[in-house]
Structure formats: C-alpha cells, structure tokens
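Undergrad: Sharing start-v1.tsv here; it has TSV, C-alpha atoms and all ligand atoms.
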chain	number	residue	atom	x	y	z
A	13	MET	CA	46.90	77.78	-30.41
A	14	SER	CA	49.10	75.39	-28.49
A	15	ASP	CA	52.77	74.78	-29.23
A	16	GLN	CA	51.76	71.26	-30.07
A	17	VAL	CA	49.35	72.36	-32.81
A	18	GLN	CA	51.99	74.69	-34.26
A	19	LYS	CA	54.42	71.80	-34.30
A	20	PHE	CA	51.84	69.58	-36.04
A	21	ILE	CA	51.16	72.12	-38.78
A	22	ARG	CA	54.89	72.79	-39.29
A	23	VAL	CA	55.83	69.14	-39.62
A	24	ASP	CA	52.82	68.21	-41.76
A	25	HIS	CA	53.55	71.06	-44.14
A	26	ALA	CA	57.17	69.85	-44.37
A	27	GLY	CA	56.08	66.25	-44.91
A	28	GLU	CA	53.59	67.02	-47.66
A	29	TYR	CA	56.20	69.23	-49.31
A	30	GLY	CA	58.69	66.37	-49.24
A	31	ALA	CA	56.06	63.90	-50.49
A	32	ALA	CA	55.20	66.05	-53.49
A	33	TRP	CA	58.92	66.14	-54.35
A	34	ILE	CA	59.29	62.37	-53.96
A	35	TYR	CA	56.61	61.80	-56.59
A	36	ALA	CA	58.13	64.51	-58.78
A	37	GLY	CA	61.45	62.62	-58.59
A	38	GLN	CA	59.75	59.35	-59.50
A	39	LEU	CA	57.95	60.99	-62.41
A	40	ALA	CA	61.23	62.47	-63.69
A	41	VAL	CA	62.48	58.90	-64.14
A	42	LEU	CA	59.29	56.94	-64.85
A	43	GLY	CA	57.20	59.64	-66.54
A	44	ARG	CA	57.21	57.84	-69.89
A	45	THR	CA	56.32	54.40	-68.56
A	46	ARG	CA	52.98	52.73	-67.87
A	47	HIS	CA	53.29	53.93	-64.26
A	48	ALA	CA	53.13	57.61	-65.18
A	49	ALA	CA	49.39	58.10	-64.63
A	50	THR	CA	49.51	56.33	-61.26
A	51	LEU	CA	52.43	58.44	-60.08
A	52	GLN	CA	50.79	61.61	-61.36
A	53	HIS	CA	47.58	60.73	-59.48
A	54	MET	CA	49.51	60.43	-56.21
A	55	LYS	CA	51.51	63.57	-56.89
A	56	ASP	CA	48.29	65.50	-57.55
A	57	GLN	CA	46.87	64.38	-54.20
A	58	GLU	CA	50.11	65.37	-52.44
A	59	GLN	CA	49.83	68.78	-54.05
A	60	VAL	CA	46.33	69.21	-52.55
A	61	HIS	CA	47.71	68.14	-49.15
A	62	LEU	CA	50.60	70.58	-49.52
A	63	ASP	CA	48.36	73.46	-50.62
A	64	THR	CA	46.13	72.86	-47.60
A	65	PHE	CA	49.04	73.00	-45.14
A	66	THR	CA	50.53	75.99	-46.95
A	67	ARG	CA	47.22	77.77	-46.31
A	68	LEU	CA	47.27	76.71	-42.66
A	69	ILE	CA	50.87	77.93	-42.26
A	70	THR	CA	49.66	81.34	-43.47
A	71	THR	CA	46.27	81.68	-41.80
A	72	ARG	CA	47.45	80.31	-38.45
A	73	ARG	CA	50.77	82.14	-38.59
A	74	VAL	CA	52.97	79.10	-38.10
A	75	ARG	CA	56.63	79.44	-39.00
A	76	PRO	CA	57.50	76.84	-41.64
A	77	THR	CA	60.47	74.61	-41.03
A	78	LEU	CA	63.78	76.16	-42.06
A	79	LEU	CA	64.61	72.90	-43.77
A	80	LEU	CA	62.27	73.16	-46.78
A	81	PRO	CA	65.21	73.46	-49.22
A	82	LEU	CA	66.63	70.25	-47.77
A	83	TRP	CA	63.30	68.39	-48.10
A	84	ASN	CA	63.05	69.60	-51.69
A	85	ILE	CA	66.40	68.03	-52.58
A	86	ALA	CA	66.07	64.97	-50.33
A	87	GLY	CA	62.52	64.23	-51.49
A	88	PHE	CA	63.36	64.53	-55.18
A	89	ALA	CA	66.55	62.48	-54.73
A	90	LEU	CA	64.73	59.72	-52.85
A	91	GLY	CA	62.03	59.54	-55.52
A	92	ALA	CA	64.46	59.60	-58.44
A	93	ALA	CA	66.92	57.14	-56.87
A	94	THR	CA	64.28	54.54	-56.04
A	95	ALA	CA	62.68	54.98	-59.48
A	96	ALA	CA	66.10	54.47	-61.08
A	97	LEU	CA	66.22	51.05	-59.39
A	98	GLY	CA	62.94	50.26	-61.17
A	99	PRO	CA	59.18	50.70	-60.76
A	100	ARG	CA	58.97	48.09	-57.99
A	101	ALA	CA	61.57	49.94	-55.91
A	102	ALA	CA	59.70	53.20	-56.50
A	103	MET	CA	56.56	51.51	-55.20
A	104	ALA	CA	58.50	50.12	-52.21
A	105	CYS	CA	59.53	53.71	-51.44
A	106	THR	CA	55.86	54.70	-51.55
A	107	VAL	CA	54.88	51.90	-49.16
A	108	ALA	CA	57.61	52.89	-46.69
A	109	VAL	CA	56.87	56.61	-46.83
A	110	GLU	CA	53.09	56.29	-46.69
A	111	GLU	CA	53.13	53.77	-43.82
A	112	THR	CA	55.29	56.17	-41.86
A	113	ILE	CA	52.94	59.08	-42.58
A	114	ASP	CA	49.95	56.94	-41.63
A	115	GLU	CA	51.44	56.29	-38.18
A	116	HIS	CA	52.39	59.94	-37.84
A	117	TYR	CA	48.91	61.23	-38.75
A	118	CYS	CA	47.28	58.57	-36.58
A	119	ALA	CA	49.18	59.85	-33.54
A	120	GLN	CA	48.22	63.45	-34.34
A	121	GLU	CA	44.54	62.56	-34.69
A	122	ALA	CA	44.65	60.94	-31.26
A	123	ALA	CA	46.36	63.99	-29.75
A	124	LEU	CA	43.97	66.64	-31.11
A	125	ASP	CA	40.96	67.53	-28.98
A	126	ASP	CA	37.60	69.04	-29.98
A	127	THR	CA	39.03	72.57	-30.15
A	128	GLU	CA	40.87	71.39	-33.27
A	129	THR	CA	38.15	69.36	-34.97
A	130	PRO	CA	38.65	70.86	-38.47
A	131	LEU	CA	42.40	70.14	-38.38
A	132	ARG	CA	41.75	66.63	-37.10
A	133	GLU	CA	39.28	66.00	-39.92
A	134	THR	CA	41.74	67.33	-42.50
A	135	ILE	CA	44.42	64.99	-41.20
A	136	ALA	CA	41.98	62.05	-41.20
A	137	LYS	CA	41.05	62.71	-44.83
A	138	PHE	CA	44.68	62.97	-45.90
A	139	ARG	CA	45.61	59.86	-43.93
A	140	ALA	CA	43.00	57.88	-45.89
A	141	GLU	CA	44.65	59.05	-49.11
A	142	GLU	CA	48.13	58.14	-47.82
A	143	LEU	CA	46.80	54.64	-47.17
A	144	GLU	CA	45.41	54.57	-50.70
A	145	HIS	CA	48.95	55.39	-51.90
A	146	ARG	CA	50.37	52.59	-49.74
A	147	ASP	CA	47.86	50.18	-51.28
A	148	ILE	CA	48.79	51.36	-54.79
A	149	GLY	CA	52.41	50.57	-53.96
A	150	LEU	CA	51.52	47.08	-52.75
A	151	ALA	CA	49.28	46.47	-55.78
A	152	ASN	CA	52.22	47.38	-58.02
A	153	GLU	CA	54.49	44.67	-56.63
A	154	ALA	CA	56.48	46.75	-54.15
A	155	GLU	CA	57.14	43.64	-52.10
A	156	LEU	CA	58.84	41.92	-55.06
A	157	THR	CA	61.66	44.51	-54.96
A	158	PRO	CA	64.98	42.78	-54.22
A	159	GLY	CA	65.92	43.76	-50.67
A	160	TYR	CA	62.40	45.07	-49.96
A	161	ARG	CA	62.73	44.75	-46.19
A	162	VAL	CA	66.07	46.52	-45.96
A	163	LEU	CA	65.07	49.23	-48.43
A	164	THR	CA	61.79	50.03	-46.67
A	165	ALA	CA	63.43	49.93	-43.23
A	166	ILE	CA	66.06	52.46	-44.34
A	167	ILE	CA	63.47	54.77	-45.89
A	168	LYS	CA	61.21	54.58	-42.82
A	169	THR	CA	64.14	55.45	-40.55
A	170	GLY	CA	64.95	58.42	-42.77
A	171	CYS	CA	61.34	59.61	-42.79
A	172	LYS	CA	61.08	59.38	-39.01
A	173	ALA	CA	64.29	61.38	-38.63
A	174	ALA	CA	62.94	63.99	-41.06
A	175	ILE	CA	59.74	64.22	-39.00
A	176	ARG	CA	61.61	64.70	-35.73
A	177	ILE	CA	63.88	67.35	-37.20
A	178	SER	CA	61.05	69.26	-38.91
A	179	GLU	CA	59.04	69.43	-35.68
A	180	ARG	CA	61.92	71.30	-34.04
A	181	ILE	CA	63.77	73.35	-36.63
B	1	FE	FE	50.16	63.55	-48.43
B	2	FE	FE	50.82	60.19	-49.89
Please, can you express the file's structure as structure tokens?

TA:
Amino acid sequence: MSDQVQKFIRVDHAGEYGAAWIYAGQLAVLGRTRHAATLQHMKDQEQVHLDTFTRLITTRRVRPTLLLPLWNIAGFALGAATAALGPRAAMACTVAVEETIDEHYCAQEAALDDTETPLRETIAKFRAEELEHRDIGLANEAELTPGYRVLTAIIKTGCKAAIRISERI
C-alpha cells in the first residue's frame, strides 16, 4: 500500500470522526427541536462512514492521526457553537463542512487507480451522502444565516487546515 493511500485512510478516518462529533454537538443543542430527526439522520450516516474507516484503519494497519482527541473536542464545539447561534447557522456549518469534504473526496477519487477500486467506490458512496447533507443544509435555509459568507468561509478554512494536519500527524 502506498504512502498516499495510508494518508488517505488516516485523514478520512479523522474527518469522519470529526463529522460525527459535529452532529453530536448540534444534537446536544437542537435535539429537542423540529430539526432533531434531520440531524440524527446525518449523524447516523457519519457513524457508518466512521465505522468503515475505523475498520480500514485496523485491517490495513494504518496509524490513526494522533489528533483524534482534538477533533473530538473541536468537532463537538463547532457543532454546538453553530447550533447555539440557531438552526440556520447549524445548517450553514453543515454546508461549509460537507462542501469541503466533497472537494476532498473528489480529489482522492481522482488520485486512486484500479488497484484501489474498493476504496475509491467507498469514497464515492460517502461523497454522495456528504452532498446529500449539503443539500439538507441548503434546504433548511443555511444561506439565510446572518453573515453566511463569512461564517462558511471561516469554517471551510478550519476544515482544510484540519485535513492538512491530519494527513501528516
Ligand atoms: Fe461522512
Ligand atoms: Fe456528511
């Protein structure tokens, strides 16, 4: 297995771990609102993504990122903080995060050759679900959040930094 594939599995595991915690943070704040079922649906899908990469970390003997404790706290805090601003801000967070993951998975799909077809297909399936999450965010008025552009730009920058760091450490 190439260093590149190890890096992909490490960072995807970290990302899905963080994503599951983002939705957990949102649910902690909005769990008793009409958005609860929607948030739970997305969290459940993130859990499947995470379980899949946890299995790959084990079976393919990839060292997980050392920063999992950080992504636990940062993910939960991001989810809870945006949810505390209101459901629209929570949905804006989802749009920003999921668009970033879409780009990230898209690049990985393009980089994987036919020796890694199963991994590529897994990533393609998950990417479709991340885009579903993005669309859920847009359908729930993410763009009506005050300061939508600034908020999503900040979150995207943070996500990209988290990706770069998790590939290396
Ligand atoms: Fe995911
Ligand atoms: Fe997602």

Undergrad: Which one is closest to ligand FE 1 (chain B): A:Val74, A:Ala93, A:Leu62, A:Cys105? Count all atoms listed in the file.

TA: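 With all atoms listed in the file as the atom set, the closest residue is A:Leu62.
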
Undergrad: Excluding Arg100 (chain A) and its own-chain neighbours fewer than 6 positions away, which residues fall within 7 Å of it when counting all atoms listed in the file? Please give them as a PDB file with C-alpha atoms, in the coordinates of the input.

TA:
ATOM      1  CA  ASN A 152      52.220  47.380 -58.020  1.00  0.00           C
ATOM      2  CA  GLU A 153      54.490  44.670 -56.630  1.00  0.00           C
ATOM      3  CA  ALA A 154      56.480  46.750 -54.150  1.00  0.00           C
ATOM      4  CA  LEU A 156      58.840  41.920 -55.060  1.00  0.00           C
ATOM      5  CA  THR A 157      61.660  44.510 -54.960  1.00  0.00           C
TER       6      THR A 157
END

Undergrad: Quick one: residues within 9 Å of Tyr117 (chain A), only C-alpha atoms, excluding same-chain residues fewer than 2 positions away - as a tab-separated table (two decimals) with C-alpha atoms, in the frame of the given file?

TA:
chain	number	residue	atom	x	y	z
A	24	ASP	CA	52.82	68.21	-41.76
A	112	THR	CA	55.29	56.17	-41.86
A	113	ILE	CA	52.94	59.08	-42.58
A	114	ASP	CA	49.95	56.94	-41.63
A	115	GLU	CA	51.44	56.29	-38.18
A	119	ALA	CA	49.18	59.85	-33.54
A	120	GLN	CA	48.22	63.45	-34.34
A	121	GLU	CA	44.54	62.56	-34.69
A	122	ALA	CA	44.65	60.94	-31.26
A	135	ILE	CA	44.42	64.99	-41.20
A	136	ALA	CA	41.98	62.05	-41.20
A	138	PHE	CA	44.68	62.97	-45.90
A	139	ARG	CA	45.61	59.86	-43.93

Undergrad: Suppose you want the space between CA of Gly159 (chain A) and CA of Asp56 (chain A); what is it in Å?

TA: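 Calculated distance between CA of Gly159 (chain A) and CA of Asp56 (chain A) is 28.8 Å.
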
Undergrad: Please indicate the distance in Å from CA of Val107 (chain A) to CA of Arg161 (chain A), rounded to one decimal place.

TA: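 Computed distance, CA of Val107 (chain A) to CA of Arg161 (chain A), equals 11.0 Å.
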
Undergrad: I need the residue nearest Leu97 (chain A) from this list: A:Ile181, A:Leu42, A:Ile167, A:Leu79. Use only C-alpha atoms for the distance.

TA: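 Looking only at the distances to Leu97 (chain A), the closest residue turns out to be A:Leu42.
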
Undergrad: For Lys137 (chain A), which residue among A:Ala49, A:Leu90, A:Cys171, A:Cys118 is the nearest when counting all atoms listed in the file?

TA: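 Nearest to Lys137 (chain A): A:Cys118.
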
Undergrad: If the limit is 8 Å from any atom of ligand FE 2 (chain B), counting all atoms listed in the file, which residues qualify? Return them as a ChimeraX atom specification.

TA: /A:28,31,54-55,57-58,106,109-110,113,138-139,141-146

Undergrad: If we count only C-alpha atoms, what is near Ala89 (chain A) at a cut-off of 10 Å, once residues fewer than 5 positions away on the same chain are taken out, given as a PyMOL selection string?

TA: chain A and resi 33-34+36-38+83-84+94-95
